[in-house]
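Colleague: Structure file start-v3.cif, mmCIF, C-alpha atoms, is pasted below:
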data_protein
#
loop_
_atom_site.label_atom_id
_atom_site.label_comp_id
_atom_site.auth_asym_id
_atom_site.auth_seq_id
_atom_site.Cartn_x
_atom_site.Cartn_y
_atom_site.Cartn_z
CA MET R 3 177.91 106.39 137.82
CA ASP R 4 178.42 109.44 135.63
CA ASP R 5 181.86 110.15 137.05
CA VAL R 6 183.31 106.73 136.12
CA ILE R 7 186.07 107.30 133.56
CA LEU R 8 187.41 103.75 133.22
CA GLU R 9 185.99 100.27 133.63
CA ARG R 10 187.86 97.02 133.03
CA HIS R 11 186.75 93.40 133.28
CA ILE R 12 189.71 91.12 133.99
CA GLU R 13 189.14 87.54 132.95
CA PRO R 14 190.30 84.78 135.33
CA GLN R 15 194.11 84.43 135.41
CA HIS R 16 194.66 87.63 133.38
CA GLY R 17 195.79 91.20 134.06
CA THR R 18 195.60 94.78 132.84
CA ALA R 19 197.31 98.16 133.28
CA PHE R 20 196.10 101.75 133.02
CA GLU R 21 196.79 105.29 134.20
CA VAL R 22 195.09 107.16 137.04
CA ARG R 23 195.43 110.79 138.06
CA ALA R 24 196.04 112.14 141.55
CA GLY R 25 192.68 112.32 143.31
CA ASP R 26 191.07 109.57 141.22
CA ILE R 27 189.25 106.78 143.07
CA LEU R 28 190.17 103.23 142.06
CA ARG R 29 187.79 100.42 142.96
CA VAL R 30 188.75 96.73 142.74
CA THR R 31 185.72 94.43 142.91
CA ASP R 32 185.50 90.66 143.39
CA PRO R 33 182.25 89.88 141.54
CA ASP R 34 182.03 86.17 142.38
CA GLY R 35 183.80 86.03 145.76
CA GLU R 36 186.98 84.34 147.03
CA GLN R 37 189.17 85.78 144.26
CA VAL R 38 192.45 87.57 144.96
CA SER R 39 193.61 90.53 142.89
CA ASP R 40 197.27 91.59 142.77
CA LEU R 41 197.65 95.37 142.50
CA THR R 42 200.82 97.36 141.93
CA ALA R 43 201.55 100.96 140.99
CA PHE R 44 204.30 103.15 139.54
CA ALA R 45 204.74 106.91 139.44
CA ARG R 46 203.54 107.92 135.99
CA ASP R 47 206.31 110.48 135.50
CA ASP R 48 209.16 108.24 136.71
CA THR R 49 208.52 104.50 136.76
CA ARG R 50 211.65 103.93 138.84
CA GLU R 51 209.34 104.86 141.74
CA TRP R 52 207.02 102.01 142.64
CA LEU R 53 204.77 100.63 145.35
CA SER R 54 206.78 99.40 148.34
CA SER R 55 205.61 96.75 150.78
CA GLY R 56 208.53 97.43 153.11
CA ARG R 57 208.04 101.20 153.33
CA THR R 58 204.29 100.84 153.75
CA ILE R 59 204.47 98.26 156.54
CA ASP R 60 207.23 100.24 158.24
CA TYR R 61 205.19 103.45 158.35
CA ALA R 62 201.86 101.78 159.20
CA ASN R 63 203.47 99.51 161.82
CA THR R 64 201.07 96.74 160.86
CA ILE R 65 200.64 94.09 158.20
CA LEU R 66 196.85 94.40 158.45
CA LEU R 67 196.41 97.29 156.05
CA THR R 68 192.86 98.55 155.68
CA GLU R 69 190.68 101.66 155.49
CA GLY R 70 192.64 104.79 156.40
CA HIS R 71 196.09 103.35 155.66
CA THR R 72 198.31 104.80 152.95
CA LEU R 73 200.50 102.71 150.65
CA PHE R 74 203.93 104.27 150.08
CA SER R 75 206.53 104.14 147.31
CA ASN R 76 210.14 103.03 147.47
CA ARG R 77 210.92 106.77 147.79
CA SER R 78 208.60 107.11 150.79
CA ASN R 79 205.98 109.11 148.90
CA PRO R 80 202.25 108.40 149.36
CA MET R 81 200.86 106.55 146.34
CA LEU R 82 197.43 105.17 147.30
CA THR R 83 195.20 105.60 150.35
CA ILE R 84 192.59 102.97 151.20
CA THR R 85 189.33 104.90 151.46
CA LEU R 86 186.76 102.09 151.69
CA ASP R 87 187.35 98.50 152.72
CA PRO R 88 184.35 96.35 153.67
CA VAL R 89 186.46 93.16 153.50
CA GLY R 90 189.29 94.27 155.77
CA ARG R 91 191.73 91.46 155.01
CA HIS R 92 194.47 91.75 152.39
CA ASP R 93 198.14 90.81 152.04
CA PHE R 94 201.26 92.87 151.39
CA LEU R 95 203.86 90.21 152.28
CA LEU R 96 203.88 87.73 149.40
CA ALA R 97 205.23 88.40 145.92
CA PRO R 98 203.10 87.90 142.79
CA CYS R 99 202.85 84.25 141.81
CA SER R 100 205.37 83.43 139.09
CA PRO R 101 206.49 80.49 136.92
CA GLU R 102 209.39 79.98 139.33
CA MET R 103 207.04 79.90 142.32
CA PHE R 104 204.86 77.23 140.75
CA GLN R 105 207.96 75.15 140.01
CA ARG R 106 209.71 75.62 143.38
CA LEU R 107 206.71 75.31 145.69
CA TYR R 108 204.45 72.92 143.79
CA GLY R 109 206.76 71.11 141.37
CA PHE R 110 204.70 72.34 138.46
CA GLU R 111 206.41 71.77 135.12
CA GLY R 112 205.32 73.58 132.00
CA GLU R 113 203.42 76.80 131.51
CA HIS R 114 201.06 78.11 134.17
CA PRO R 115 199.42 81.56 134.17
CA SER R 116 200.89 83.82 136.83
CA CYS R 117 200.35 87.28 138.25
CA PHE R 118 203.98 88.20 137.68
CA MET R 119 203.83 87.42 133.98
CA ASN R 120 200.42 89.08 133.63
CA LEU R 121 201.64 92.24 135.36
CA ALA R 122 204.88 92.31 133.38
CA GLY R 123 202.99 91.86 130.13
CA ALA R 124 200.42 94.56 130.85
CA LEU R 125 202.97 97.07 132.19
CA ALA R 126 205.36 96.64 129.25
CA ALA R 127 203.26 99.15 127.28
CA TYR R 128 204.45 101.80 129.76
CA GLY R 129 208.13 100.91 129.42
CA ILE R 130 208.18 99.03 132.72
CA GLU R 131 210.61 96.10 132.77
CA PRO R 132 209.81 92.77 134.46
CA ASP R 133 212.57 93.34 137.03
CA GLN R 134 210.73 96.47 138.18
CA VAL R 135 207.59 94.57 139.22
CA PRO R 136 207.59 94.67 143.04
CA THR R 137 205.63 92.85 145.72
CA ALA R 138 202.00 93.59 144.93
CA PHE R 139 199.22 94.61 147.30
CA ASN R 140 197.16 91.42 147.22
CA CYS R 141 193.55 92.54 147.52
CA PHE R 142 191.36 90.03 149.39
CA MET R 143 194.25 87.59 150.02
CA ASN R 144 193.88 85.99 153.45
CA VAL R 145 197.34 85.26 154.89
CA GLN R 146 197.52 84.24 158.54
CA VAL R 147 200.73 84.54 160.56
CA LEU R 148 200.93 81.60 162.95
CA PRO R 149 202.60 81.73 166.40
CA SER R 150 205.51 79.74 164.91
CA GLY R 151 206.07 82.50 162.34
CA ASP R 152 204.87 80.26 159.51
CA LEU R 153 202.35 81.62 157.05
CA ARG R 154 199.03 79.96 156.26
CA ILE R 155 196.98 80.95 153.23
CA ASP R 156 193.27 80.71 153.96
CA PRO R 157 190.43 81.24 151.48
CA PRO R 158 189.72 84.91 150.77
CA SER R 159 186.96 86.31 152.97
CA SER R 160 185.56 88.41 150.12
CA LYS R 161 181.97 87.65 149.15
CA PRO R 162 180.38 88.26 145.73
CA GLY R 163 180.40 91.97 144.99
CA ASP R 164 182.88 92.91 147.73
CA PHE R 165 185.39 95.62 146.86
CA ILE R 166 188.21 97.84 148.08
CA GLU R 167 188.68 101.49 147.10
CA PHE R 168 191.84 103.57 146.89
CA ARG R 169 192.47 107.27 146.34
CA ALA R 170 195.47 108.00 144.12
CA GLU R 171 197.88 110.36 145.85
CA MET R 172 199.93 110.97 142.68
CA ASP R 173 199.61 110.33 138.95
CA LEU R 174 200.12 106.60 138.56
CA VAL R 175 200.42 103.65 136.23
CA VAL R 176 198.51 100.81 137.89
CA GLY R 177 198.65 97.08 137.18
CA VAL R 178 195.88 94.74 138.38
CA THR R 179 195.34 90.99 137.99
CA ALA R 180 192.83 88.27 138.71
CA CYS R 181 195.24 86.00 140.60
CA SER R 182 196.32 82.72 139.02
CA ALA R 183 197.32 80.68 142.10
CA GLU R 184 195.01 77.82 143.07
CA LEU R 185 195.82 77.91 146.80
CA THR R 186 195.27 81.65 147.05
CA ASN R 187 191.77 81.46 145.55
CA ASN R 188 190.41 78.41 147.36
CA GLY R 189 190.96 76.16 144.35
CA SER R 190 189.08 78.05 141.67
CA PHE R 191 189.44 81.19 139.55
CA GLY R 192 187.14 84.12 138.99
CA PRO R 193 187.22 87.50 137.28
CA ILE R 194 188.01 90.91 138.78
CA GLU R 195 186.35 94.21 137.94
CA VAL R 196 188.16 97.54 138.18
CA SER R 197 186.80 101.05 137.80
CA VAL R 198 188.21 104.55 138.14
CA ARG R 199 186.19 107.66 138.88
CA ARG R 200 187.16 111.26 139.36
CA GLY R 201 187.54 112.27 142.98
CA GLU R 202 185.40 115.00 144.45
#
Spit out the file's structure as C-alpha coordinates when you get a sec.
Modeller:
Amino acid sequence: MDDVILERHIEPQHGTAFEVRAGDILRVTDPDGEQVSDLTAFARDDTREWLSSGRTIDYANTILLTEGHTLFSNRSNPMLTITLDPVGRHDFLLAPCSPEMFQRLYGFEGEHPSCFMNLAGALAAYGIEPDQVPTAFNCFMNVQVLPSGDLRIDPPSSKPGDFIEFRAEMDLVVGVTACSAELTNNGSFGPIEVSVRRGE
(Lines of atoms letter the chains of each structure in order from A and count residues from 1; the text may use other names and numbers.)
(Lines give C-alpha, C1' and ligand atoms only; values in the text may rest on other atoms or scores of the structure.)
Protein backbone atom coordinates (compact mmCIF):
# COMPACT_ATOMS: atom_id res chain seq x y z
CA MET A 1 0.00 0.00 0.00
CA ASP A 2 1.26 3.44 -0.95
CA ASP A 3 0.45 4.92 2.44
CA VAL A 4 2.62 2.44 4.40
CA ILE A 5 5.42 4.42 6.06
CA LEU A 6 7.06 1.66 8.12
CA GLU A 7 7.40 -2.09 7.83
CA ARG A 8 9.30 -4.34 10.22
CA HIS A 9 9.89 -8.09 10.21
CA ILE A 10 10.52 -9.38 13.74
CA GLU A 11 12.42 -12.63 13.84
CA PRO A 12 11.25 -15.31 16.31
CA GLN A 13 12.08 -14.40 19.93
CA HIS A 14 13.15 -10.84 19.03
CA GLY A 15 11.70 -7.33 19.34
CA THR A 16 11.75 -3.83 17.88
CA ALA A 17 10.71 -0.26 18.72
CA PHE A 18 9.65 2.70 16.59
CA GLU A 19 7.66 5.93 16.64
CA VAL A 20 4.11 6.49 15.41
CA ARG A 21 2.16 9.72 15.08
CA ALA A 22 -1.36 10.41 16.30
CA GLY A 23 -3.76 9.10 13.66
CA ASP A 24 -1.34 6.49 12.29
CA ILE A 25 -2.64 2.93 11.87
CA LEU A 26 -0.46 0.18 13.35
CA ARG A 27 -0.97 -3.38 12.14
CA VAL A 28 0.51 -6.41 13.92
CA THR A 29 0.39 -9.56 11.77
CA ASP A 30 1.00 -13.19 12.68
CA PRO A 31 2.28 -14.58 9.35
CA ASP A 32 2.53 -18.24 10.36
CA GLY A 33 -0.21 -18.52 13.00
CA GLU A 34 -0.23 -19.32 16.74
CA GLN A 35 2.39 -16.68 17.58
CA VAL A 36 1.90 -14.11 20.35
CA SER A 37 3.21 -10.56 20.05
CA ASP A 38 3.78 -8.36 23.11
CA LEU A 39 3.00 -4.70 22.41
CA THR A 40 3.61 -1.72 24.64
CA ALA A 41 3.59 2.04 24.12
CA PHE A 42 4.88 5.26 25.67
CA ALA A 43 3.96 8.89 25.06
CA ARG A 44 6.63 10.17 22.71
CA ASP A 45 6.92 13.54 24.45
CA ASP A 46 7.05 12.14 28.01
CA THR A 47 7.96 8.48 28.40
CA ARG A 48 6.84 8.53 32.03
CA GLU A 49 3.38 8.00 30.50
CA TRP A 50 2.89 4.43 29.36
CA LEU A 51 0.29 1.84 28.42
CA SER A 52 -1.71 0.72 31.46
CA SER A 53 -3.46 -2.62 31.77
CA GLY A 54 -5.22 -1.55 34.96
CA ARG A 55 -6.63 1.72 33.59
CA THR A 56 -7.71 0.07 30.35
CA ILE A 57 -9.52 -2.85 31.99
CA ASP A 58 -11.11 -0.49 34.51
CA TYR A 59 -12.58 1.77 31.83
CA ALA A 60 -13.57 -1.04 29.44
CA ASN A 61 -15.02 -3.16 32.27
CA THR A 62 -13.82 -6.29 30.49
CA ILE A 63 -10.65 -8.29 30.02
CA LEU A 64 -11.76 -9.30 26.52
CA LEU A 65 -10.46 -6.26 24.67
CA THR A 66 -11.23 -6.18 20.97
CA GLU A 67 -12.42 -3.99 18.10
CA GLY A 68 -13.77 -0.67 19.35
CA HIS A 69 -11.94 -0.71 22.69
CA THR A 70 -9.38 1.94 23.59
CA LEU A 71 -6.15 1.23 25.48
CA PHE A 72 -5.36 3.91 28.07
CA SER A 73 -2.19 5.22 29.70
CA ASN A 74 -1.26 5.34 33.37
CA ARG A 75 -2.49 8.98 33.20
CA SER A 76 -5.88 7.88 31.84
CA ASN A 77 -5.25 9.28 28.37
CA PRO A 78 -6.25 7.31 25.25
CA MET A 79 -3.19 5.80 23.57
CA LEU A 80 -4.40 3.20 21.05
CA THR A 81 -7.83 2.22 19.76
CA ILE A 82 -8.40 -1.24 18.28
CA THR A 83 -9.90 -0.58 14.85
CA LEU A 84 -9.82 -4.06 13.27
CA ASP A 85 -9.61 -7.39 15.05
CA PRO A 86 -10.49 -10.56 13.11
CA VAL A 87 -8.96 -12.76 15.84
CA GLY A 88 -10.81 -11.31 18.81
CA ARG A 89 -8.76 -12.94 21.57
CA HIS A 90 -5.84 -11.21 23.26
CA ASP A 91 -4.46 -10.80 26.79
CA PHE A 92 -3.81 -7.74 28.94
CA LEU A 93 -3.31 -9.54 32.28
CA LEU A 94 0.10 -11.19 32.12
CA ALA A 95 3.44 -9.39 32.18
CA PRO A 96 6.05 -9.86 29.45
CA CYS A 97 7.99 -13.10 29.88
CA SER A 98 11.30 -12.45 31.63
CA PRO A 99 14.41 -14.31 32.80
CA GLU A 100 12.93 -14.36 36.31
CA MET A 101 9.67 -15.84 35.02
CA PHE A 102 11.46 -18.67 33.25
CA GLN A 103 13.41 -19.42 36.43
CA ARG A 104 10.49 -19.14 38.90
CA LEU A 105 7.79 -20.90 36.88
CA TYR A 106 9.79 -23.42 34.87
CA GLY A 107 13.07 -23.82 36.77
CA PHE A 108 14.99 -22.73 33.71
CA GLU A 109 18.63 -21.97 34.47
CA GLY A 110 20.79 -19.99 32.10
CA GLU A 111 19.90 -17.54 29.37
CA HIS A 112 16.54 -17.68 27.62
CA PRO A 113 15.19 -15.05 25.21
CA SER A 114 12.35 -13.06 26.76
CA CYS A 115 9.90 -10.36 25.77
CA PHE A 116 10.93 -8.20 28.71
CA MET A 117 14.57 -8.17 27.71
CA ASN A 118 13.70 -7.68 24.03
CA LEU A 119 11.41 -4.75 24.83
CA ALA A 120 13.92 -3.20 27.23
CA GLY A 121 16.69 -3.53 24.67
CA ALA A 122 14.69 -2.03 21.81
CA LEU A 123 13.24 0.82 23.90
CA ALA A 124 16.60 1.84 25.36
CA ALA A 125 17.27 3.89 22.21
CA TYR A 126 14.42 6.17 23.33
CA GLY A 127 15.78 6.63 26.85
CA ILE A 128 13.26 4.21 28.35
CA GLU A 129 14.58 2.30 31.36
CA PRO A 130 13.81 -1.40 31.97
CA ASP A 131 11.83 -0.53 35.11
CA GLN A 132 9.45 1.51 32.93
CA VAL A 133 8.38 -1.49 30.82
CA PRO A 134 4.78 -2.22 31.90
CA THR A 135 2.41 -5.12 31.34
CA ALA A 136 2.16 -5.45 27.57
CA PHE A 137 -0.92 -5.93 25.44
CA ASN A 138 -0.35 -9.52 24.34
CA CYS A 139 -1.71 -9.73 20.81
CA PHE A 140 -3.19 -13.16 19.98
CA MET A 141 -2.45 -14.59 23.46
CA ASN A 142 -5.26 -16.93 24.52
CA VAL A 143 -5.66 -16.79 28.31
CA GLN A 144 -8.74 -18.45 29.79
CA VAL A 145 -10.03 -17.56 33.26
CA LEU A 146 -11.36 -20.72 34.90
CA PRO A 147 -14.27 -20.80 37.40
CA SER A 148 -11.68 -21.36 40.17
CA GLY A 149 -9.98 -18.09 39.22
CA ASP A 150 -6.94 -19.93 37.88
CA LEU A 151 -5.56 -18.96 34.49
CA ARG A 152 -5.04 -21.40 31.64
CA ILE A 153 -2.93 -20.51 28.62
CA ASP A 154 -4.32 -22.10 25.48
CA PRO A 155 -2.75 -22.00 22.00
CA PRO A 156 -3.31 -18.70 20.19
CA SER A 157 -6.36 -18.79 17.92
CA SER A 158 -4.61 -16.70 15.26
CA LYS A 159 -4.23 -18.37 11.87
CA PRO A 160 -1.55 -17.58 9.26
CA GLY A 161 -1.94 -14.00 8.10
CA ASP A 162 -4.25 -12.92 10.94
CA PHE A 163 -3.71 -9.42 12.30
CA ILE A 164 -4.90 -6.71 14.67
CA GLU A 165 -4.96 -2.99 13.87
CA PHE A 166 -4.71 -0.01 16.19
CA ARG A 167 -5.16 3.73 15.65
CA ALA A 168 -2.67 5.85 17.59
CA GLU A 169 -4.46 8.44 19.69
CA MET A 170 -1.26 10.36 20.51
CA ASP A 171 2.34 10.47 19.31
CA LEU A 172 3.91 7.28 20.63
CA VAL A 173 7.01 5.17 21.00
CA VAL A 174 5.89 1.58 20.46
CA GLY A 175 7.67 -1.66 21.35
CA VAL A 176 6.66 -4.98 19.75
CA THR A 177 8.01 -8.52 20.12
CA ALA A 178 7.61 -12.00 18.71
CA CYS A 179 7.01 -13.70 22.07
CA SER A 180 9.68 -16.04 23.46
CA ALA A 181 7.60 -18.25 25.79
CA GLU A 182 7.06 -21.84 24.69
CA LEU A 183 3.72 -22.30 26.49
CA THR A 184 2.27 -19.09 25.08
CA ASN A 185 3.00 -20.08 21.47
CA ASN A 186 1.92 -23.73 21.53
CA GLY A 187 5.49 -24.97 21.76
CA SER A 188 7.05 -23.27 18.75
CA PHE A 189 8.18 -19.80 17.67
CA GLY A 190 7.36 -17.73 14.62
CA PRO A 191 7.98 -14.23 13.33
CA ILE A 192 5.76 -11.15 13.61
CA GLU A 193 5.22 -8.48 10.97
CA VAL A 194 4.41 -4.88 11.84
CA SER A 195 3.45 -2.00 9.58
CA VAL A 196 2.40 1.60 10.07
CA ARG A 197 0.37 3.64 7.61
CA ARG A 198 -0.92 7.17 7.71
CA GLY A 199 -4.51 7.45 8.85
CA GLU A 200 -7.13 8.94 6.58
Colleague: Considering only C-alpha atoms, state which residue in the set R:Asn76, R:Asn188, R:Ser159, R:Thr49 is at the smallest distance from Val89 in chain R.
Modeller: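 Using only C-alpha atoms, Val89 in chain R sits closest to R:Ser159.
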Colleague: Which is closer to Ala180 in chain R than all the others in R:Val38, R:Ile84, R:Ala45, R:Met103, using all atoms listed in the file?
Modeller: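 Under the stated criterion, the closest residue is R:Val38.
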Colleague: Can you tell me, as a list in words, what residues are no more than 9 Å from Val176 in chain R when counting only C-alpha atoms, ignoring any on the same chain fewer than 6 positions away?
Modeller: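 Skipping anything fewer than 6 positions along the chain leaves Thr18, Ala19, Phe20, Glu21, Val22, Leu41, Thr42, Ala43, Phe44, Ala45, Arg46 and Leu125 of chain R.
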Colleague: What do you get, as an MDAnalysis selection string, if you spell out every residue that the PyMOL selection byres ((chain R and resi 59) around 12) selects here?
Modeller: chainID R and resid 53:58 60:68 71:76 78 93:95 139
Colleague: Find the residue from R:Arg106, R:Val135, R:Leu174, R:Arg169 that sits nearest to Phe118 in chain R; use only C-alpha atoms when measuring.
Modeller: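 Among the listed residues, the smallest separation from Phe118 in chain R belongs to R:Val135.
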Colleague: Quote the spacing between CA of Ala183 in chain R and CA of Gly123 in chain R in Å to one decimal place.
Modeller: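 Between CA of Ala183 in chain R and CA of Gly123 in chain R the gap is 17.3 Å.
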Colleague: As a list in words, please: the residues near Pro33 in chain R (cut-off 6 Å, all atoms listed in the file, same-chain neighbours under 2 positions excluded).
Modeller: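 Answer for this query is Thr31, Gly35, Pro162 and Gly163 of chain R.
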Colleague: Out of R:Met172, R:Ala122, R:Val147, R:Cys117, which residue has the shortest atom-to-atom distance to Gln15 in chain R when counting all atoms listed in the file?
Modeller: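 Smallest separation from Gln15 in chain R among the options: R:Cys117.
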Colleague: For the PyMOL selection byres ((chain R and resi 157) around 12), applied here, can you spell out every residue it catches as a list of chain:residue names?
Modeller: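 On the file shown, the PyMOL selection byres ((chain R and resi 157) around 12) covers R:Gly35, R:Glu36, R:Gln37, R:Val38, R:Arg91, R:His92, R:Phe142, R:Met143, R:Asn144, R:Val145, R:Gln146, R:Arg154, R:Ile155, R:Asp156, R:Pro158, R:Ser159, R:Ser160, R:Lys161, R:Ala183, R:Glu184, R:Leu185, R:Thr186, R:Asn187, R:Asn188, R:Gly189, R:Ser190, R:Phe191.
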